[in-house]
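Inspection log for the structure reproduced underneath, given as structure tokens.
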Amino acid sequence: MDEFAQKVRDRRLQEKLSQEELANKVGISRNYLSQIERGQATNLSWQLVERLTAVLGLKEDSGGTLEQAADIPPSLVQFARAAHLPPDDVLMLARLKYRGQQPTTPEKWELLYNVIKMTAGN
Amino acid sequence: MGVEHGEGDRKYRHPGQAFLSRYGALQREQDVSRYVEFLRQEAGLGDTPPIDLSLIYRHFGIPTPRRAPLDEQQGILVDSRTGMILIKEDDPLVRQRFTEGHELMELLFDAQEQARTESFLPNWSADRKERLCDQGAADLLMPQTSFLPRLNELGLSLSTGRSLAALYQTSLLATLVRMVQYGTGEHALVLWHHALTQRESAQTASSSIKAKKKLRIWWSIRTDDWRGGFIPKHKSIAPDSLIAKTHLKGHHHSGTETIHLGWGEVRCQVEAIPIAFGDQSCVLSLLHRSGSD
């Protein structure tokens with residue numbers, strides 16, 4: 001079982017939620033949640049990881065969990081660590097949808113990040 | 001992050017989510033084209049060119065896409081919760097318009113991704129999704145109902161491509177692709193670039209002997225009526241052909257010639273123009289099989 005699966009299961013039990021209740025809260029089937037908790041459902045969408053971490057209060061202590069649970073490119077992880085990016089900004093970068101190429105190096109992520117901050121912040 | 005709203009300053013409504021909430025999650029590729037119709041109808045867009053995308057932005061309260069100094073991306077959907085889109089500022093305007101159309105399609109797949117928490121809904125590969133977004137952008141900017149009658153009236157040629165591209169404010173390449181998709185008669189659009197074969201690339205990498213690049217087929221599309229046979233990717237063109245001359249001289253050439261395709265040959269009327277992709281100089285050729293209209 002992977003770390004994220006374990007955290008979801010542990011926190012759900014701490015919160016005294018049944019699988020059915022948690023699944024309803026995040027809008028998935030109980031069967032699918034069961035697969036997630038057993039580490040059998042991989043490559044979860046960002047949106048689902050976010051809903052699960054929000055509902056279970058895992059956001060603050062998620063640390064590297066999101067990076068492991070969902071599909072963050074290694075070059076983005078490198079940039080995010082080096083620049084100490086806030087988690088929301090890492091999520092924003094990971095969620096971008098492109099026409100063209102996704103950055104392939106930490107330096108290219110940094111360039112793109114600065115362009116977005118500069119343009120979107122105006 | 002600040003966002004600039006269109007005229008009327010309507011509250012933002014995610015168009016992909018609006019579509020899925022009305023019609024349900026996408027089950028098959030045909031559903032994607034319904035989204036284009038949905039955007040058009042909701043925004044009160046007609047099919048008269050050029051298509052005014054600002055009506056869509058205004059209707060859904062989407063902020064006017066911002067121009068940004070992007071490098072390797074033509075456009076980015078930054079945040080689907082606000083509809084913020086960035087467009088590469090130094091792309092030609094026609095390409096920027098196509099990218100805008102593409103990003104509007106991305107909003108559909110964003111909504112689908114949010115709905116796709118269950119595995120039975122389709123999850124297209126990134127490449128397939130990109131092609132569907134491009135197809136949707138073409139459908140949006142060049143509506144079949146007005147595009148096809150004009151194409152039928154003018155006939156499929158480079159000159160028609162230029163006219164329609166000017167009319168619809170789309171790139172010549174996107175317009176020609178659309179023309180070949182809809183066109184009748186035996187026509188093929190072939191893009192050539194200077195390249196090595198995969199084997200040559202591998203050999204060059206592992207030895208000091210450098211293979212020489214040749215003008216080769218990058219990709220091609222054909223009309224449904226094309227009977228000239230398979231057009232193989234990577235096939236090179238003879239150095240004395242009109243297509244090679246176009247590359248060498250850097251200007252338009254046309255005429256009738258026989259093109260060798262490896263498995264056989266095809267006799268065509270050829271129209272060829274030089275075209276640049278980034279720093280690559282390529283040749284775009286329109287082949288009309290002899291005897292076809």
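A note on labels: chains of the structure tokens are A, B, ... as shown, every chain counts residues from 1, and ligands are counted from 1 in their shown order.
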
Problem set entry | Residue contacts of Tyr12 of chain B (8 Å, only C-alpha atoms) excluding same-chain residues fewer than 4 positions away, as JSON, numbers by chain | {"B": [60, 61, 62, 82, 83]}

Writing out the chosen residues with N, CA and C atoms as a PDB file, in the first residue's frame:
```pdb
ATOM      1  N   PHE B  60     -19.924  33.625 -21.374  1.00  0.00           N
ATOM      2  CA  PHE B  60     -19.562  32.809 -20.214  1.00  0.00           C
ATOM      3  C   PHE B  60     -18.784  33.593 -19.157  1.00  0.00           C
ATOM      4  N   GLY B  61     -18.597  34.879 -19.387  1.00  0.00           N
ATOM      5  CA  GLY B  61     -17.831  35.683 -18.421  1.00  0.00           C
ATOM      6  C   GLY B  61     -16.366  35.272 -18.351  1.00  0.00           C
ATOM      7  N   ILE B  62     -15.859  34.730 -19.464  1.00  0.00           N
ATOM      8  CA  ILE B  62     -14.447  34.303 -19.492  1.00  0.00           C
ATOM      9  C   ILE B  62     -13.579  35.553 -19.665  1.00  0.00           C
ATOM     10  N   THR B  82     -11.279  30.168 -12.966  1.00  0.00           N
ATOM     11  CA  THR B  82     -11.533  31.573 -13.325  1.00  0.00           C
ATOM     12  C   THR B  82     -11.576  31.759 -14.842  1.00  0.00           C
ATOM     13  N   GLY B  83     -11.164  30.721 -15.577  1.00  0.00           N
ATOM     14  CA  GLY B  83     -11.146  30.811 -17.045  1.00  0.00           C
ATOM     15  C   GLY B  83      -9.948  31.587 -17.564  1.00  0.00           C
TER      16      GLY B  83
END
```

Problem set entry | For segment 270-277 of chain B: contacts at 12 Å, only C-alpha atoms, fewer than 4 positions along chain excluded, given as a PyMOL selection string | chain B and resi 91+156-159+161-162+171-173+187-194+218+241-259+266+281-290

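Closest approach to chain A among B:Gly185, B:Gly101, B:Pro232, B:Gly46 is made by B:Gly101 (distances from only C-alpha atoms).
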
Within 10 Å of chain A: each chain B residue with its shortest pair, only C-alpha atoms, as a Markdown table:
```
| residue | atom | partner | partner_atom | distance |
| --- | --- | --- | --- | --- |
| B:Met1 | CA | A:Gly121 | CA | 4.8 |
| B:Gly2 | CA | A:Gly121 | CA | 5.5 |
| B:Val3 | CA | A:Ala120 | CA | 7.0 |
| B:Glu4 | CA | A:Asn122 | CA | 9.3 |
| B:Arg66 | CA | A:Thr119 | CA | 7.5 |
| B:Arg67 | CA | A:Thr119 | CA | 8.0 |
| B:Ala68 | CA | A:Thr119 | CA | 6.4 |
| B:Pro69 | CA | A:Val115 | CA | 6.8 |
| B:Leu70 | CA | A:Val115 | CA | 7.2 |
| B:Asp71 | CA | A:Leu112 | CA | 8.2 |
| B:Glu72 | CA | A:Gln101 | CA | 5.6 |
| B:Gln73 | CA | A:Gly100 | CA | 4.2 |
| B:Gln74 | CA | A:Arg99 | CA | 5.4 |
| B:Gly75 | CA | A:Arg99 | CA | 5.1 |
| B:Ile76 | CA | A:Tyr98 | CA | 4.6 |
| B:Leu77 | CA | A:Lys97 | CA | 5.1 |
| B:Val78 | CA | A:Leu96 | CA | 5.3 |
| B:Asp79 | CA | A:Leu96 | CA | 7.2 |
| B:Ser80 | CA | A:Leu96 | CA | 8.9 |
| B:Met84 | CA | A:Ala120 | CA | 8.1 |
| B:Ile85 | CA | A:Ala120 | CA | 9.1 |
| B:Leu86 | CA | A:Ile116 | CA | 8.2 |
| B:Ile87 | CA | A:Arg99 | CA | 9.3 |
| B:Lys88 | CA | A:Arg99 | CA | 9.9 |
| B:Thr99 | CA | A:Arg99 | CA | 7.0 |
| B:Glu100 | CA | A:Arg99 | CA | 9.5 |
| B:His102 | CA | A:Arg99 | CA | 7.3 |
| B:Glu103 | CA | A:Arg99 | CA | 7.5 |
| B:Glu106 | CA | A:Lys97 | CA | 7.1 |
| B:Leu107 | CA | A:Lys97 | CA | 9.0 |
| B:Phe109 | CA | A:Lys97 | CA | 9.7 |
| B:Asp110 | CA | A:Lys97 | CA | 8.5 |
| B:Glu113 | CA | A:Ser45 | CA | 7.2 |
| B:Gln114 | CA | A:Gln47 | CA | 6.1 |
| B:Ala115 | CA | A:Gly27 | CA | 9.0 |
| B:Arg116 | CA | A:Ser45 | CA | 8.5 |
| B:Thr117 | CA | A:Ile28 | CA | 6.1 |
| B:Glu118 | CA | A:Ile28 | CA | 6.8 |
| B:Ser119 | CA | A:Tyr32 | CA | 8.6 |
| B:Glu130 | CA | A:Arg99 | CA | 7.5 |
| B:Cys133 | CA | A:Arg99 | CA | 9.0 |
| B:Asp134 | CA | A:Arg99 | CA | 9.2 |
```

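Candidate residues B:Thr48, B:Gln17, B:Thr175, B:Thr204 were compared for distance to Thr145 of chain B, and the nearest is B:Thr48, using only C-alpha atoms.
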
Exercise. If we count only C-alpha atoms, what is near Leu140 of chain B at a cut-off of 8 Å, once residues fewer than 3 positions away on the same chain are taken out, given as a ChimeraX atom specification?
Worked result: /B:36,40,51,101,136-137,143

For this session: Could you find all residues in chain A that DSSP calls alpha helix (DSSP H) from the backbone, and write them as a ChimeraX atom specification?
Result: /A:3-14,19-26,30-37,46-55,65-69,74-83,87-95,106-120

Residues of the last selection are to be written out with C-alpha atoms, as a short mmCIF file (atom, residue, chain, number, x, y, z; two decimals), in the first residue's frame.
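Wrote it out as again-v1.cif, contents follow:
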```cif
data_model
loop_
_atom_site.label_atom_id
_atom_site.label_comp_id
_atom_site.auth_asym_id
_atom_site.auth_seq_id
_atom_site.Cartn_x
_atom_site.Cartn_y
_atom_site.Cartn_z
CA GLU A 3 1.80 6.27 1.61
CA PHE A 4 -1.15 8.27 0.29
CA ALA A 5 -3.46 5.26 0.41
CA GLN A 6 -2.43 4.60 3.99
CA LYS A 7 -3.00 8.24 4.99
CA VAL A 8 -6.46 8.31 3.45
CA ARG A 9 -7.44 5.13 5.25
CA ASP A 10 -5.93 6.17 8.59
CA ARG A 11 -7.47 9.63 8.54
CA ARG A 12 -10.86 8.29 7.51
CA LEU A 13 -10.81 5.91 10.46
CA GLN A 14 -9.66 8.71 12.78
CA GLN A 19 -16.04 4.35 3.26
CA GLU A 20 -19.57 5.08 2.06
CA GLU A 21 -19.67 8.43 3.87
CA LEU A 22 -16.26 9.58 2.67
CA ALA A 23 -16.98 8.44 -0.88
CA ASN A 24 -20.20 10.47 -0.87
CA LYS A 25 -18.38 13.54 0.41
CA VAL A 26 -15.83 13.47 -2.41
CA ARG A 30 -17.43 3.35 -2.27
CA ASN A 31 -15.84 0.72 -4.45
CA TYR A 32 -13.46 3.27 -5.98
CA LEU A 33 -12.51 4.63 -2.56
CA SER A 34 -11.79 1.10 -1.43
CA GLN A 35 -9.43 0.66 -4.40
CA ILE A 36 -7.70 3.93 -3.51
CA GLU A 37 -7.22 2.88 0.10
CA TRP A 46 -5.53 16.22 -9.20
CA GLN A 47 -9.07 17.21 -8.50
CA LEU A 48 -9.76 13.99 -6.65
CA VAL A 49 -6.54 14.17 -4.63
CA GLU A 50 -7.42 17.73 -3.70
CA ARG A 51 -10.96 16.78 -2.61
CA LEU A 52 -9.69 13.88 -0.54
CA THR A 53 -6.98 15.94 1.14
CA ALA A 54 -9.40 18.79 1.78
CA VAL A 55 -12.18 16.62 3.22
CA THR A 65 2.28 13.21 -0.31
CA LEU A 66 0.71 15.01 -3.25
CA GLU A 67 3.89 14.65 -5.23
CA GLN A 68 3.84 10.92 -4.62
CA ALA A 69 0.12 10.41 -5.06
CA PRO A 74 10.00 15.31 -11.54
CA SER A 75 11.38 18.53 -13.05
CA LEU A 76 8.52 20.47 -11.44
CA VAL A 77 9.17 18.78 -8.10
CA GLN A 78 12.83 19.85 -8.39
CA PHE A 79 11.88 23.45 -9.14
CA ALA A 80 9.21 23.54 -6.43
CA ARG A 81 11.67 22.30 -3.81
CA ALA A 82 14.47 24.64 -4.87
CA ALA A 83 12.18 27.68 -4.98
CA PRO A 87 1.68 24.05 -2.35
CA ASP A 88 -1.08 25.98 -4.13
CA ASP A 89 1.39 27.22 -6.73
CA VAL A 90 2.74 23.70 -7.27
CA LEU A 91 -0.80 22.54 -7.82
CA MET A 92 -1.45 25.43 -10.20
CA LEU A 93 1.63 24.55 -12.27
CA ALA A 94 0.82 20.86 -12.26
CA ARG A 95 -2.71 21.56 -13.44
CA PRO A 106 13.41 23.02 -13.50
CA GLU A 107 14.76 26.11 -15.31
CA LYS A 108 11.92 26.03 -17.85
CA TRP A 109 9.39 25.64 -15.04
CA GLU A 110 10.87 28.68 -13.37
CA LEU A 111 10.60 30.73 -16.56
CA LEU A 112 7.01 29.70 -17.03
CA TYR A 113 6.17 30.33 -13.40
CA ASN A 114 7.58 33.85 -13.63
CA VAL A 115 5.66 34.58 -16.85
CA ILE A 116 2.42 33.42 -15.24
CA LYS A 117 3.01 35.42 -12.09
CA MET A 118 3.94 38.49 -14.09
CA THR A 119 1.04 38.25 -16.54
CA ALA A 120 -1.68 36.95 -14.30
#
```

Problem set entry | atom CA of Gly228 of chain B to atom CA of Leu176 of chain B, straight-line distance in Å | 18.8 Å

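Checking B:Leu167, B:Met179, B:Gly229, B:Trp124 one by one against Leu151 of chain B, counting only C-alpha atoms, you find the shortest gap at B:Met179.
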
Problem set entry | DSSP-assigned strand (DSSP E) members of chain A, reported as a PyMOL selection string | chain A and resi 97-100

Problem set entry | Non-local contacts of Thr197 of chain B (9 Å; only C-alpha atoms; under 4 positions in same chain excluded) as a PyMOL selection string | chain B and resi 201-202+213-214+216+234-235

Atoms to include: C-alpha atoms. Write the selected residues as a PDB file, in the first residue's frame.
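Produced file again.pdb, reproduced below:
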```
ATOM      1  CA  SER B 201      19.563   9.100 -36.602  1.00  0.00           C
ATOM      2  CA  ALA B 202      20.589   6.047 -34.588  1.00  0.00           C
ATOM      3  CA  LYS B 213      19.449  15.028 -44.023  1.00  0.00           C
ATOM      4  CA  LYS B 214      16.939  14.836 -46.855  1.00  0.00           C
ATOM      5  CA  ARG B 216      11.154  13.865 -46.103  1.00  0.00           C
ATOM      6  CA  HIS B 234       9.635   9.725 -43.775  1.00  0.00           C
ATOM      7  CA  LYS B 235       9.732   9.028 -47.536  1.00  0.00           C
TER       8      LYS B 235
END
```

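With atom CA of Asp225 of chain B on one side and atom CA of Asn152 of chain B on the other, the separation reads 14.5 Å.
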
Problem set entry | Contacts of Ala43 of chain B at 6 Å (only C-alpha atoms; same-chain gap of 3+ positions) as a VMD selection string | chain B and resid 40 55 to 56 59

Emit the selected residues as a compact mmCIF listing (two decimals), in the first residue's frame, including N, CA and C atoms.
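Printed below is out36.txt as written:
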```
# COMPACT_ATOMS: atom_id res chain seq x y z
N ARG B 40 -21.30 27.71 -29.61
CA ARG B 40 -21.79 28.59 -30.67
C ARG B 40 -23.23 29.05 -30.36
N LEU B 55 -17.59 36.86 -28.34
CA LEU B 55 -18.99 36.60 -27.94
C LEU B 55 -19.05 35.44 -26.95
N ILE B 56 -18.19 34.47 -27.16
CA ILE B 56 -18.15 33.32 -26.23
C ILE B 56 -17.61 33.78 -24.87
N HIS B 59 -20.32 35.78 -23.16
CA HIS B 59 -21.45 34.99 -22.69
C HIS B 59 -21.13 34.23 -21.41
```
